[in-house]
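Just final-v3.txt here, compact mmCIF, C-alpha atoms:
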```txt
# COMPACT_ATOMS: atom_id res chain seq x y z
CA MET B 1 158.87 145.86 146.58
CA ALA B 2 156.01 148.35 146.67
CA ALA B 3 154.47 146.73 143.60
CA ASN B 4 154.58 143.32 145.31
CA SER B 5 152.85 144.76 148.37
CA ILE B 6 150.08 146.25 146.24
CA LEU B 7 149.61 142.94 144.40
CA LYS B 8 149.41 141.05 147.70
CA PHE B 9 146.75 143.47 148.88
CA PHE B 10 144.51 142.72 145.89
CA LEU B 11 145.04 138.95 145.86
CA PRO B 12 142.46 136.98 147.86
CA LYS B 13 143.78 136.22 151.32
CA ASP B 14 142.52 132.65 151.04
CA LYS B 15 141.22 130.30 148.39
CA VAL B 16 137.66 131.29 149.15
CA PHE B 17 136.19 130.41 145.76
CA PHE B 18 137.74 126.95 145.76
CA GLN B 19 136.54 126.34 149.32
CA LEU B 20 133.02 127.39 148.41
CA PHE B 21 132.88 125.35 145.20
CA GLU B 22 134.18 122.29 147.06
CA SER B 23 131.52 122.81 149.74
CA VAL B 24 128.82 123.08 147.08
CA SER B 25 130.04 119.96 145.27
CA GLU B 26 129.98 118.06 148.57
CA THR B 27 126.40 119.22 149.18
CA VAL B 28 125.46 118.07 145.67
CA VAL B 29 126.71 114.55 146.46
CA GLN B 30 124.96 114.49 149.85
CA MET B 31 121.68 115.45 148.19
CA ALA B 32 122.13 112.73 145.56
CA GLU B 33 122.79 110.17 148.31
CA LYS B 34 119.59 111.24 150.09
CA LEU B 35 117.63 111.00 146.84
CA LYS B 36 118.81 107.42 146.47
CA GLU B 37 117.57 106.74 149.99
CA VAL B 38 114.22 108.31 149.10
CA VAL B 39 113.57 106.01 146.13
CA HIS B 40 114.46 102.94 148.20
CA GLU B 41 112.27 103.96 151.15
CA LYS B 42 108.80 102.40 150.96
CA ASP B 43 107.30 104.26 153.93
CA PHE B 44 105.74 107.63 153.03
CA ASP B 45 106.49 109.28 156.40
CA LYS B 46 110.11 108.11 156.42
CA ARG B 47 110.48 109.44 152.88
CA GLU B 48 109.09 112.76 154.11
CA ILE B 49 111.91 112.98 156.67
CA LEU B 50 114.51 112.27 153.99
CA ILE B 51 112.95 114.85 151.66
CA LYS B 52 113.11 117.43 154.46
CA GLN B 53 116.81 116.65 154.84
CA ILE B 54 117.26 117.23 151.10
CA GLU B 55 115.43 120.54 151.44
CA ASP B 56 117.76 121.56 154.28
CA LEU B 57 120.78 120.69 152.15
CA GLU B 58 119.33 122.71 149.29
CA HIS B 59 119.13 125.72 151.62
CA VAL B 60 122.77 125.14 152.64
CA ASN B 61 123.69 125.17 148.97
CA ASP B 62 121.74 128.39 148.42
CA ASP B 63 123.82 130.00 151.17
CA HIS B 64 127.07 128.81 149.57
CA THR B 65 125.95 130.03 146.14
CA HIS B 66 124.96 133.42 147.54
CA ARG B 67 128.39 133.65 149.20
CA ILE B 68 130.10 132.89 145.87
CA PHE B 69 128.20 135.73 144.21
CA THR B 70 129.01 138.04 147.14
CA GLU B 71 132.71 137.20 146.92
CA LEU B 72 132.56 137.73 143.17
CA GLY B 73 131.47 141.32 143.77
CA ARG B 74 134.00 141.82 146.57
CA ASN B 75 137.20 140.40 145.04
CA PHE B 76 139.10 142.38 142.45
CA ILE B 77 141.16 139.36 141.39
CA THR B 78 139.55 135.93 140.95
CA PRO B 79 141.14 132.51 140.27
CA PHE B 80 139.48 132.34 136.84
CA ASP B 81 137.11 134.40 134.70
CA ARG B 82 134.28 135.99 136.63
CA GLU B 83 131.72 134.76 134.13
CA ASP B 84 133.01 131.18 134.52
CA ILE B 85 132.67 131.45 138.29
CA HIS B 86 129.11 132.67 137.80
CA TYR B 87 128.30 129.91 135.27
CA LEU B 88 129.76 127.16 137.46
CA ALA B 89 127.96 128.38 140.59
CA THR B 90 124.69 128.53 138.65
CA ALA B 91 125.18 125.07 137.12
CA LEU B 92 125.88 123.48 140.52
CA ASP B 93 122.92 125.28 142.04
CA ASP B 94 120.70 123.92 139.26
CA ILE B 95 121.78 120.36 140.09
CA CYS B 96 120.67 120.86 143.69
CA ASP B 97 117.39 122.48 142.68
CA TYR B 98 116.41 119.60 140.40
CA ILE B 99 117.42 116.92 142.91
CA TYR B 100 115.17 118.58 145.48
CA SER B 101 112.40 118.95 142.91
CA ALA B 102 112.53 115.24 142.04
CA ALA B 103 112.46 114.18 145.68
CA LYS B 104 109.63 116.55 146.55
CA LYS B 105 107.45 115.41 143.64
CA ILE B 106 107.65 111.76 144.72
CA ASN B 107 105.66 112.37 147.91
CA PHE B 108 103.69 115.32 146.55
CA TYR B 109 102.24 113.07 143.82
CA LYS B 110 102.06 110.11 146.25
CA VAL B 111 104.03 107.97 143.83
CA LYS B 112 105.56 104.70 144.99
CA PRO B 113 109.19 105.03 143.87
CA ASP B 114 109.94 101.33 144.31
CA ASP B 115 110.51 100.57 140.64
CA VAL B 116 113.50 99.88 138.42
CA THR B 117 113.52 103.26 136.68
CA PHE B 118 113.55 105.32 139.88
CA HIS B 119 116.39 103.20 141.23
CA LYS B 120 118.36 103.36 137.98
CA MET B 121 117.97 107.12 137.64
CA ALA B 122 118.93 107.72 141.29
CA ASP B 123 122.08 105.62 140.79
CA LEU B 124 123.00 107.57 137.66
CA ILE B 125 122.42 110.89 139.45
CA LEU B 126 124.64 109.87 142.36
CA ASN B 127 127.37 108.65 140.00
CA SER B 128 127.24 111.87 137.98
CA CYS B 129 127.29 114.11 141.07
CA THR B 130 130.27 112.17 142.41
CA GLU B 131 132.15 112.81 139.17
CA VAL B 132 131.26 116.50 139.35
CA ARG B 133 132.74 116.66 142.84
CA LYS B 134 135.95 114.99 141.61
CA ALA B 135 136.34 117.57 138.85
CA VAL B 136 135.58 120.52 141.14
CA ILE B 137 138.15 119.39 143.72
CA GLU B 138 140.85 119.22 141.03
CA LEU B 139 140.19 122.85 139.99
CA ARG B 140 142.09 124.08 143.05
CA ASP B 141 145.53 123.49 141.52
CA MET B 142 144.76 121.85 138.13
CA LYS B 143 147.75 119.56 138.56
CA ASN B 144 145.88 116.41 137.59
CA LEU B 145 144.07 117.23 134.36
CA ARG B 146 143.58 113.52 133.67
CA LYS B 147 141.27 113.25 136.69
CA ILE B 148 139.22 116.19 135.45
CA THR B 149 138.94 114.93 131.88
CA ASP B 150 138.11 111.39 133.07
CA ALA B 151 135.35 112.86 135.24
CA MET B 152 133.95 114.86 132.32
CA VAL B 153 133.94 111.80 130.05
CA ALA B 154 132.11 109.85 132.77
CA ILE B 155 129.54 112.63 133.24
CA ASN B 156 128.84 112.69 129.51
CA SER B 157 128.45 108.91 129.43
CA ILE B 158 126.10 108.97 132.42
CA GLU B 159 123.97 111.66 130.78
CA ASN B 160 123.61 109.44 127.70
CA GLN B 161 122.65 106.49 129.90
CA ALA B 162 120.03 108.66 131.64
CA ASP B 163 118.58 109.66 128.27
CA ASP B 164 118.28 105.99 127.32
CA ALA B 165 116.78 105.06 130.69
CA PHE B 166 114.23 107.87 130.37
CA ASP B 167 113.19 106.84 126.86
CA TYR B 168 112.86 103.21 127.89
CA SER B 169 110.87 104.12 131.02
CA ILE B 170 108.36 106.12 128.98
CA GLU B 171 107.94 103.23 126.57
CA GLN B 172 107.33 100.85 129.48
CA LEU B 173 104.92 103.25 131.17
CA PHE B 174 102.68 103.52 128.12
CA GLU B 175 102.84 99.80 127.56
CA HIS B 176 102.22 98.52 131.09
CA GLU B 177 100.67 101.30 133.23
CA PRO B 178 96.86 101.35 132.84
CA ASP B 179 96.32 104.41 135.05
CA ALA B 180 96.72 107.58 132.94
CA LYS B 181 97.27 109.75 136.03
CA GLU B 182 100.09 107.49 137.17
CA VAL B 183 101.68 107.75 133.73
CA ILE B 184 101.61 111.55 133.88
CA LYS B 185 103.00 111.69 137.42
CA LYS B 186 105.81 109.20 136.88
CA ARG B 187 106.75 110.68 133.53
CA GLU B 188 107.22 114.10 135.13
CA ILE B 189 109.42 112.74 137.90
CA TYR B 190 111.50 110.67 135.49
CA GLN B 191 111.98 113.79 133.39
CA VAL B 192 113.13 115.90 136.35
CA MET B 193 115.59 113.17 137.35
CA GLU B 194 116.95 113.06 133.80
CA ILE B 195 117.39 116.85 133.88
CA VAL B 196 119.67 116.45 136.91
CA THR B 197 122.15 114.58 134.71
CA ASP B 198 121.81 117.32 132.07
CA LYS B 199 122.74 119.90 134.70
CA CYS B 200 125.74 117.82 135.74
CA GLU B 201 126.85 117.89 132.11
CA ASP B 202 126.35 121.68 132.07
CA ALA B 203 128.70 121.95 135.07
CA ALA B 204 131.21 119.70 133.31
CA ASN B 205 131.10 121.94 130.23
CA VAL B 206 131.91 125.00 132.37
CA ILE B 207 134.80 123.15 134.00
CA GLU B 208 136.07 122.15 130.56
CA SER B 209 136.00 125.81 129.51
CA ILE B 210 137.99 126.75 132.62
CA ILE B 211 140.74 124.17 132.11
CA ILE B 212 141.08 125.06 128.42
CA LYS B 213 141.75 128.67 129.43
CA TYR B 214 143.97 128.12 132.45
CA ALA B 215 145.55 124.65 132.45
```
What's the structure tokens form of this structure?
Amino acid sequence: MAANSILKFFLPKDKVFFQLFESVSETVVQMAEKLKEVVHEKDFDKREILIKQIEDLEHVNDDHTHRIFTELGRNFITPFDREDIHYLATALDDICDYIYSAAKKINFYKVKPDDVTFHKMADLILNSCTEVRKAVIELRDMKNLRKITDAMVAINSIENQADDAFDYSIEQLFEHEPDAKEVIKKREIYQVMEIVTDKCEDAANVIESIIIKYA
């Protein structure tokens, strides 16, 4: 009886890590949705408002990530390996950072994002972030491993599609864009958008490591 009481004392009183990861994954999707709005918005000033909203969401995510690290130092017992918690929090934070970076560069470079590549990449980012959220939500009880593995397969497929879209966009830029400055600016933004899908795959790899250990 005494042993049970001691164990209860050390166990987290709530599922704080799961709550925080779910909040972060929701923020990731919200930022991806805003990025899609940005690339479809033709008005510079309206885009600026949307980009500010993405920045605000990025700050919200920073707060959640900081809380995860704080809880990591505070809790003796964690739902899975401490290093996996750290890796997953970092991977999700990277997704947010690169989404914000892509959005910010569009207006900073005064690029018109109304082209096929921007729209395609934004769609892929939103799809990938949505799959990340699905996988993160299922970590709470790990009862539906099929949902997690399906999400990870989808994330990997999306990352491959983003690679192909990036390569094709660069080919088209050099072939059809006469302004060298525009080539440089668009290439950089395309690259940052492609990195978002890489970071989603990084998060998926951490989740895969977790389910292999604990499922």
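Distances here use all atoms listed in the file; by that measure, the residue among B:Asp94, B:Glu159, B:Glu33, B:Thr149 closest to Thr65 in chain B is B:Asp94.
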(message) One decimal, in Å: what's the spacing between CA of Met142 in chain B and CA of Ile125 in chain B?
(response)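 CA of Ile125 in chain B lies at a distance of 24.9 Å from CA of Met142 in chain B.
Excluding Tyr98 in chain B itself and same-chain residues fewer than 3 positions from it, the residues having an atom within 7 Å of it are Asp94, Ile95, Ser101, Ala102, Val192 and Val196 of chain B, counting all atoms listed in the file.
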Taking all atoms listed in the file into account, produce a table as a Markdown table in which each residue of range 92-183 of chain B with an atom at most 7 Å from an atom of range 198-208 of chain B appears once, together with its shortest atom pair and the distance in Å to one decimal, ordered by chain and rising number.
```
| residue | atom | partner | partner_atom | distance |
| --- | --- | --- | --- | --- |
| B:Leu92 | CA | B:Ala203 | CA | 6.3 |
| B:Asp94 | CA | B:Lys199 | CA | 6.4 |
| B:Ile95 | CA | B:Lys199 | CA | 5.5 |
| B:Ser128 | CA | B:Cys200 | CA | 6.5 |
| B:Cys129 | CA | B:Cys200 | CA | 6.7 |
| B:Val132 | CA | B:Cys200 | CA | 6.7 |
| B:Met152 | CA | B:Ala204 | CA | 5.6 |
| B:Ile155 | CA | B:Glu201 | CA | 6.0 |
| B:Asn156 | CA | B:Glu201 | CA | 6.1 |
| B:Glu159 | CA | B:Asp198 | CA | 6.2 |
```
Write a file of the just-selected residues containing C-alpha atoms, as an mmCIF file, keeping the file's coordinate frame.
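Produced file again_38.cif, reproduced below:
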```
data_model
loop_
_atom_site.group_PDB
_atom_site.id
_atom_site.type_symbol
_atom_site.label_atom_id
_atom_site.label_comp_id
_atom_site.auth_asym_id
_atom_site.auth_seq_id
_atom_site.Cartn_x
_atom_site.Cartn_y
_atom_site.Cartn_z
ATOM 1 C CA LEU B 92 125.880 123.480 140.520
ATOM 2 C CA ASP B 94 120.700 123.920 139.260
ATOM 3 C CA ILE B 95 121.780 120.360 140.090
ATOM 4 C CA SER B 128 127.240 111.870 137.980
ATOM 5 C CA CYS B 129 127.290 114.110 141.070
ATOM 6 C CA VAL B 132 131.260 116.500 139.350
ATOM 7 C CA MET B 152 133.950 114.860 132.320
ATOM 8 C CA ILE B 155 129.540 112.630 133.240
ATOM 9 C CA ASN B 156 128.840 112.690 129.510
ATOM 10 C CA GLU B 159 123.970 111.660 130.780
#
```
(request) Give the answer as one residue: which of B:Asn144, B:Thr70, B:Asn75, B:Ser25 has the shortest atom-to-atom distance to Leu88 in chain B, using all atoms listed in the file? (result)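 For Leu88 in chain B, the nearest of the candidates is B:Ser25.
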(request) Take CA of Val136 in chain B and CA of Phe166 in chain B and report the distance between them in Å, one decimal. (result)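 Interatomic distance, CA of Val136 in chain B to CA of Phe166 in chain B: 27.1 Å.
Taking all atoms listed in the file into account, Lys46 in chain B lies nearest to B:Lys34 out of the set B:Lys34, B:Asp84, B:Glu26, B:Ala154.
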(request) State, in Å with one decimal place, the distance from CA of Val24 in chain B to CA of Val60 in chain B. (result) 8.5 Å
(request) Give the answer as one residue: which of B:Lys143, B:Glu194, B:Thr117, B:Ile210 has the shortest atom-to-atom distance to His86 in chain B, using all atoms listed in the file? (result) B:Ile210
(request) Kindly extract all protein, DNA and RNA residues lying within 10 Å of the coordinates (113.9, 116.8, 149.4) given in the file, considering all atoms listed in the file, and supply them as a list of chain:residue names. (result)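 Selection result: B:Met31, B:Ala32, B:Lys34, B:Leu35, B:Val38, B:Arg47, B:Glu48, B:Ile49, B:Leu50, B:Ile51, B:Lys52, B:Gln53, B:Ile54, B:Glu55, B:Asp56, B:Leu57, B:Glu58, B:Cys96, B:Asp97, B:Tyr98, B:Ile99, B:Tyr100, B:Ser101, B:Ala102, B:Ala103, B:Lys104, B:Lys105, B:Ile106, B:Asn107.
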(request) Determine, counting all atoms listed in the file, which protein, DNA and RNA residues have an atom within 8 Å of an atom of range 15-18 of chain B; residues of the same chain fewer than 5 positions away are not included. Present the result as a list in words. (result)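 In the requested format, the answer is Ile68, Glu71, Pro79, Ile137, Leu139 and Arg140 of chain B.
Among the candidates B:Tyr214, B:Tyr190, B:Phe21, B:Phe69, the residue lying nearest to Asp81 in chain B is B:Tyr214 (atoms considered: only C-alpha atoms).
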(request) Could you tell me which of B:Gln172, B:Thr90, B:Thr27, B:Asn127 comes closest to Ala151 in chain B if we count all atoms listed in the file? (result)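 Answer, going by the shortest atom-to-atom distance: B:Asn127.
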(request) Show which residues sit within 9 Å of Ser169 in chain B, as a ChimeraX atom specification. Count all atoms listed in the file, and ignore same-chain residues fewer than 4 positions away. (result) /B:116-117,164-165,173-174,187,190
Could those residues be written to a file, using C-alpha atoms, as a CSV table (one decimal), in the frame of the given file?
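Here's the written file out34.csv:
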```csv
chain,number,residue,atom,x,y,z
B,116,VAL,CA,113.5,99.9,138.4
B,117,THR,CA,113.5,103.3,136.7
B,164,ASP,CA,118.3,106.0,127.3
B,165,ALA,CA,116.8,105.1,130.7
B,173,LEU,CA,104.9,103.2,131.2
B,174,PHE,CA,102.7,103.5,128.1
B,187,ARG,CA,106.8,110.7,133.5
B,190,TYR,CA,111.5,110.7,135.5
```
